[in-house]
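A.B. asks: Got a structure for you, written out below as structure tokens; questions coming shortly.
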Amino acid sequence: MDPSDLRSWIGRTDARADQVTPAPIAALAATLDRDEPFPEVGDPLPPLWHWLYFLPIHRASDIGSDGHAERGGFLPPVQLPRRMFAGARFWFNRPIRVGETVTRRSRIADVSCKDGRSGPLVFVVARHEISGRDGVAVVEEQDIVYRSGPVPGASPPPPEAAPNDAVWQREVRPHEVLLFRYSALTFNGHRIHYDRRYATEVEGYPGLVVHGPLIATMLLELLRQNLPSAVVTEFSFRAVRPIFDIAPFLVCGRRDTATAARLWAADAEGALAMHATATLA
């Protein structure tokens, strides 16, 4: 794997248009067990729900053995078996509204390689700008990490304890139907989220992996539930430790100042799985 070849992907661009239709919004609300009216034209899209659009629609013949599209195209052809959405940063300039036609312009902002405890790692930063008639609505920077497969007998890194000062807290019991429905809504074919045999026997996980974007969405939904009038202008999250469907987990948070909130997810052992910050207007 030649790092210079991978870095040649820096600056590569892509553009797609989509319409913000109401059915996926209603379907995600049902998946998250929210009792909400069917969306109407003009209703604002909640933060992060733009992930319901610009779906990765690849032909069946272009799908690899892990359920992802074959490497190459917009993302660089990294030849490492595990791919993870490790974190992201968002700037919400204005609401995206139901019925709006929007365009996403994407660019590979950076590619870097390094050696980790478990072998080589490749980090890719993809930047997306989503615009409508009134200009840019959302800017998103995604951190995607590629790594080698499981090493037999290797010890996982020691867990980091989750904060214990939550003001808001909700227990989530992940299950196959929840993970399947979220995979279907985001057209995410990655088999670690719904194919238990693949997840455990091929990738070496103890169960199905809960999607990082789903956890991040649940964190912001916790904030929306407890601060319904707050407007999120910025949000960032980092995945620290995977969560599996074999045990419940907690989504937690608190408002630290008038304009800042902390959010995090903790696994069943109390280890930090994801932490996030939100800037509020």
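Each chain in the structure tokens gets a letter, A, B and so on, in the order shown; residues start at 1 in every chain, and ligands are counted from 1 in the order they appear.
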List every residue of stretch 20-175 of chain A that DSSP, applied to the backbone of this structure, assigns to strand (DSSP E or B), and report them as a ChimeraX atom specification.
C.D. replies: /A:44,63,69,72,75,82-92,97,101-116,119-132,135-147,161,168-172
A.B. asks: Show me, as a PyMOL selection string, the residues that have an atom within 10 Å of stretch 195-199 of chain A when counting only C-alpha atoms, minus same-chain residues fewer than 4 positions from it.
C.D. replies: chain A and resi 65-67+176+180+189-191+203-209+245
A.B. asks: Which of these, A:Trp9, A:Phe249, A:Tyr182, A:Phe237, has the shortest distance to A:Trp49 once you count only C-alpha atoms?
C.D. replies: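 Under the stated criterion, the closest residue is A:Tyr182.
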A.B. asks: Quick one: of A:Ala27, A:Val102, A:Leu6, A:Ile96, who's nearest to A:Val78, counting only C-alpha atoms?
C.D. replies: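 Going through A:Ala27, A:Val102, A:Leu6, A:Ile96 one by one, the smallest distance to A:Val78 is for A:Leu6.
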A.B. asks: Could you check which of A:Pro3, A:Pro46, A:Ala266, A:Ala69 is closest to A:Pro228, using only C-alpha atoms?
C.D. replies: A:Pro46
A.B. asks: With a distance cut-off of 9 Å and only C-alpha atoms, select the neighbouring residues of A:Gly132, excluding the residue or stretch itself and same-chain residues fewer than 4 positions from it, and output the selection as an NGL selection string.
C.D. replies: :A and (96 or 100-103 or 136-137)
A.B. asks: Any chance you can output those residues with all heavy atoms as a PDB file, in the first residue's frame?
C.D. replies:
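The result, written out as out.pdb:
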```pdb
ATOM      1  N   ILE A  96     -32.479  22.393   6.877  1.00  0.00           N
ATOM      2  CA  ILE A  96     -32.935  21.769   5.633  1.00  0.00           C
ATOM      3  C   ILE A  96     -34.407  21.445   5.837  1.00  0.00           C
ATOM      4  O   ILE A  96     -34.803  20.953   6.897  1.00  0.00           O
ATOM      5  CB  ILE A  96     -32.132  20.486   5.341  1.00  0.00           C
ATOM      6  CG1 ILE A  96     -30.645  20.817   5.143  1.00  0.00           C
ATOM      7  CG2 ILE A  96     -32.680  19.762   4.124  1.00  0.00           C
ATOM      8  CD1 ILE A  96     -29.763  19.589   5.046  1.00  0.00           C
ATOM      9  N   GLU A 100     -37.563  20.316   0.073  1.00  0.00           N
ATOM     10  CA  GLU A 100     -36.487  21.087  -0.544  1.00  0.00           C
ATOM     11  C   GLU A 100     -35.630  20.175  -1.438  1.00  0.00           C
ATOM     12  O   GLU A 100     -35.371  19.017  -1.112  1.00  0.00           O
ATOM     13  CB  GLU A 100     -35.630  21.711   0.555  1.00  0.00           C
ATOM     14  CG  GLU A 100     -34.570  22.670   0.076  1.00  0.00           C
ATOM     15  CD  GLU A 100     -33.847  23.363   1.239  1.00  0.00           C
ATOM     16  OE1 GLU A 100     -34.118  23.017   2.405  1.00  0.00           O
ATOM     17  OE2 GLU A 100     -33.013  24.243   0.958  1.00  0.00           O
ATOM     18  N   THR A 101     -35.166  20.710  -2.551  1.00  0.00           N
ATOM     19  CA  THR A 101     -34.172  20.035  -3.371  1.00  0.00           C
ATOM     20  C   THR A 101     -32.804  20.539  -2.954  1.00  0.00           C
ATOM     21  O   THR A 101     -32.562  21.757  -2.904  1.00  0.00           O
ATOM     22  CB  THR A 101     -34.407  20.305  -4.861  1.00  0.00           C
ATOM     23  OG1 THR A 101     -35.677  19.753  -5.234  1.00  0.00           O
ATOM     24  CG2 THR A 101     -33.315  19.657  -5.711  1.00  0.00           C
ATOM     25  N   VAL A 102     -31.921  19.617  -2.605  1.00  0.00           N
ATOM     26  CA  VAL A 102     -30.610  19.979  -2.066  1.00  0.00           C
ATOM     27  C   VAL A 102     -29.514  19.289  -2.863  1.00  0.00           C
ATOM     28  O   VAL A 102     -29.727  18.252  -3.492  1.00  0.00           O
ATOM     29  CB  VAL A 102     -30.494  19.604  -0.572  1.00  0.00           C
ATOM     30  CG1 VAL A 102     -31.305  20.561   0.288  1.00  0.00           C
ATOM     31  CG2 VAL A 102     -30.935  18.174  -0.322  1.00  0.00           C
ATOM     32  N   THR A 103     -28.328  19.871  -2.818  1.00  0.00           N
ATOM     33  CA  THR A 103     -27.158  19.334  -3.499  1.00  0.00           C
ATOM     34  C   THR A 103     -26.046  19.124  -2.487  1.00  0.00           C
ATOM     35  O   THR A 103     -25.815  19.995  -1.634  1.00  0.00           O
ATOM     36  CB  THR A 103     -26.672  20.292  -4.602  1.00  0.00           C
ATOM     37  OG1 THR A 103     -27.723  20.469  -5.558  1.00  0.00           O
ATOM     38  CG2 THR A 103     -25.444  19.737  -5.310  1.00  0.00           C
ATOM     39  N   VAL A 136     -25.684  27.374   1.546  1.00  0.00           N
ATOM     40  CA  VAL A 136     -25.186  26.210   2.282  1.00  0.00           C
ATOM     41  C   VAL A 136     -25.949  26.047   3.591  1.00  0.00           C
ATOM     42  O   VAL A 136     -26.052  26.989   4.389  1.00  0.00           O
ATOM     43  CB  VAL A 136     -23.674  26.345   2.562  1.00  0.00           C
ATOM     44  CG1 VAL A 136     -23.184  25.180   3.405  1.00  0.00           C
ATOM     45  CG2 VAL A 136     -22.894  26.421   1.250  1.00  0.00           C
ATOM     46  N   ALA A 137     -26.484  24.855   3.800  1.00  0.00           N
ATOM     47  CA  ALA A 137     -27.230  24.557   5.023  1.00  0.00           C
ATOM     48  C   ALA A 137     -26.374  23.812   6.039  1.00  0.00           C
ATOM     49  O   ALA A 137     -26.393  24.124   7.227  1.00  0.00           O
ATOM     50  CB  ALA A 137     -28.479  23.741   4.695  1.00  0.00           C
TER      51      ALA A 137
END
```
A.B. asks: From a backbone DSSP assignment, name each residue in stretch 82-191 of chain A labelled alpha helix (DSSP H), as a PyMOL selection string.
C.D. replies: chain A and resi 176-185
A.B. asks: Excluding same-chain residues fewer than 5 positions from A:Leu227, what lies within 10 Å of it counting only C-alpha atoms, as a compact mmCIF listing (two decimals) with N, CA, C and O atoms, in the first residue's frame?
C.D. replies:
```
# COMPACT_ATOMS: atom_id res chain seq x y z
N GLU A 221 -30.80 13.29 19.69
CA GLU A 221 -32.21 13.14 20.05
C GLU A 221 -32.41 13.30 21.56
O GLU A 221 -33.42 13.84 22.00
N LEU A 222 -31.45 12.83 22.35
CA LEU A 222 -31.52 13.05 23.80
C LEU A 222 -31.50 14.54 24.10
O LEU A 222 -32.25 15.03 24.95
N ARG A 255 -26.11 19.98 29.93
CA ARG A 255 -25.82 21.32 29.44
C ARG A 255 -24.82 21.95 30.39
O ARG A 255 -25.11 22.14 31.58
N LEU A 280 -24.89 25.53 21.08
CA LEU A 280 -26.29 25.88 21.03
C LEU A 280 -26.48 27.38 20.84
O LEU A 280 -25.71 28.19 21.37
```
A.B. asks: Using only C-alpha atoms, pick whichever of A:Ala88, A:Val251, A:Val139, A:Ala161 has the shortest atom-to-atom distance to A:Glu269.
C.D. replies: A:Ala161
A.B. asks: With only C-alpha atoms as the counted atoms, please give the residues lying no more than 12 Å from A:Asp267, apart from itself and same-chain residues fewer than 5 positions off, as an mmCIF file with C-alpha atoms, in the first residue's frame.
C.D. replies:
```
data_model
loop_
_atom_site.group_PDB
_atom_site.id
_atom_site.type_symbol
_atom_site.label_atom_id
_atom_site.label_comp_id
_atom_site.auth_asym_id
_atom_site.auth_seq_id
_atom_site.Cartn_x
_atom_site.Cartn_y
_atom_site.Cartn_z
ATOM 1 C CA PRO A 159 -11.378 1.077 28.311
ATOM 2 C CA GLU A 160 -11.836 4.697 29.322
ATOM 3 C CA ALA A 161 -14.447 5.275 32.006
ATOM 4 C CA ALA A 162 -17.473 7.293 30.902
ATOM 5 C CA PRO A 163 -18.289 10.518 32.762
ATOM 6 C CA GLU A 171 -30.999 3.251 28.327
ATOM 7 C CA VAL A 172 -31.009 1.759 24.822
ATOM 8 C CA ARG A 173 -31.466 -1.954 24.233
ATOM 9 C CA PRO A 174 -30.120 -2.568 20.728
ATOM 10 C CA VAL A 210 -24.314 -0.651 16.506
ATOM 11 C CA ILE A 215 -25.470 6.418 18.274
ATOM 12 C CA VAL A 240 -14.007 5.617 21.180
ATOM 13 C CA ARG A 241 -15.143 2.009 21.564
ATOM 14 C CA PRO A 242 -17.647 -0.099 19.590
ATOM 15 C CA ILE A 243 -21.032 -0.997 21.025
ATOM 16 C CA PHE A 244 -22.606 -4.371 20.255
ATOM 17 C CA ASP A 245 -26.169 -5.650 20.369
ATOM 18 C CA ILE A 246 -25.409 -8.150 23.143
ATOM 19 C CA ALA A 247 -26.029 -5.688 25.989
ATOM 20 C CA PRO A 248 -27.845 -2.389 26.645
ATOM 21 C CA PHE A 249 -25.988 0.925 26.549
ATOM 22 C CA LEU A 250 -26.618 4.452 27.823
ATOM 23 C CA VAL A 251 -26.892 7.754 25.990
ATOM 24 C CA CYS A 252 -26.112 10.583 28.388
ATOM 25 C CA LEU A 272 -16.910 5.441 27.183
ATOM 26 C CA ALA A 273 -18.042 4.451 23.688
ATOM 27 C CA MET A 274 -18.623 7.869 22.082
ATOM 28 C CA HIS A 275 -18.299 11.432 23.203
#
```
A.B. asks: Please measure the separation of atom CA of A:Thr277 and atom CA of A:Ile25, giving the value in Å to one decimal.
C.D. replies: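 Atom-to-atom, atom CA of A:Thr277 to atom CA of A:Ile25, that is 23.9 Å.
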A.B. asks: Which neighbours of A:Arg107 fall inside 10 Å, counting only C-alpha atoms, when residues of the same chain fewer than 4 positions from it are skipped, and could you give them as number ranges by chain?
C.D. replies: A: 9-15, 74-75, 125-129, 141
A.B. asks: One decimal, Å: what's the distance from atom CA of A:Pro39 over to atom CA of A:Arg262, could you say?
C.D. replies: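 Answer for the atom CA of A:Pro39 to atom CA of A:Arg262 separation: 28.7 Å.
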A.B. asks: Do a neighbour search on A:Leu32 at 10 Å with only C-alpha atoms, toss out local chain neighbours closer than 2 positions, and write the hits as a ChimeraX atom specification.
C.D. replies: /A:26-30,34-35,178,181-182,214,217-218,221
A.B. asks: Which one is closest to A:Leu179: A:Pro213, A:Pro37, A:Pro150, A:Pro158? Count only C-alpha atoms.
C.D. replies: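 Looking only at the distances to A:Leu179, the closest residue turns out to be A:Pro213.
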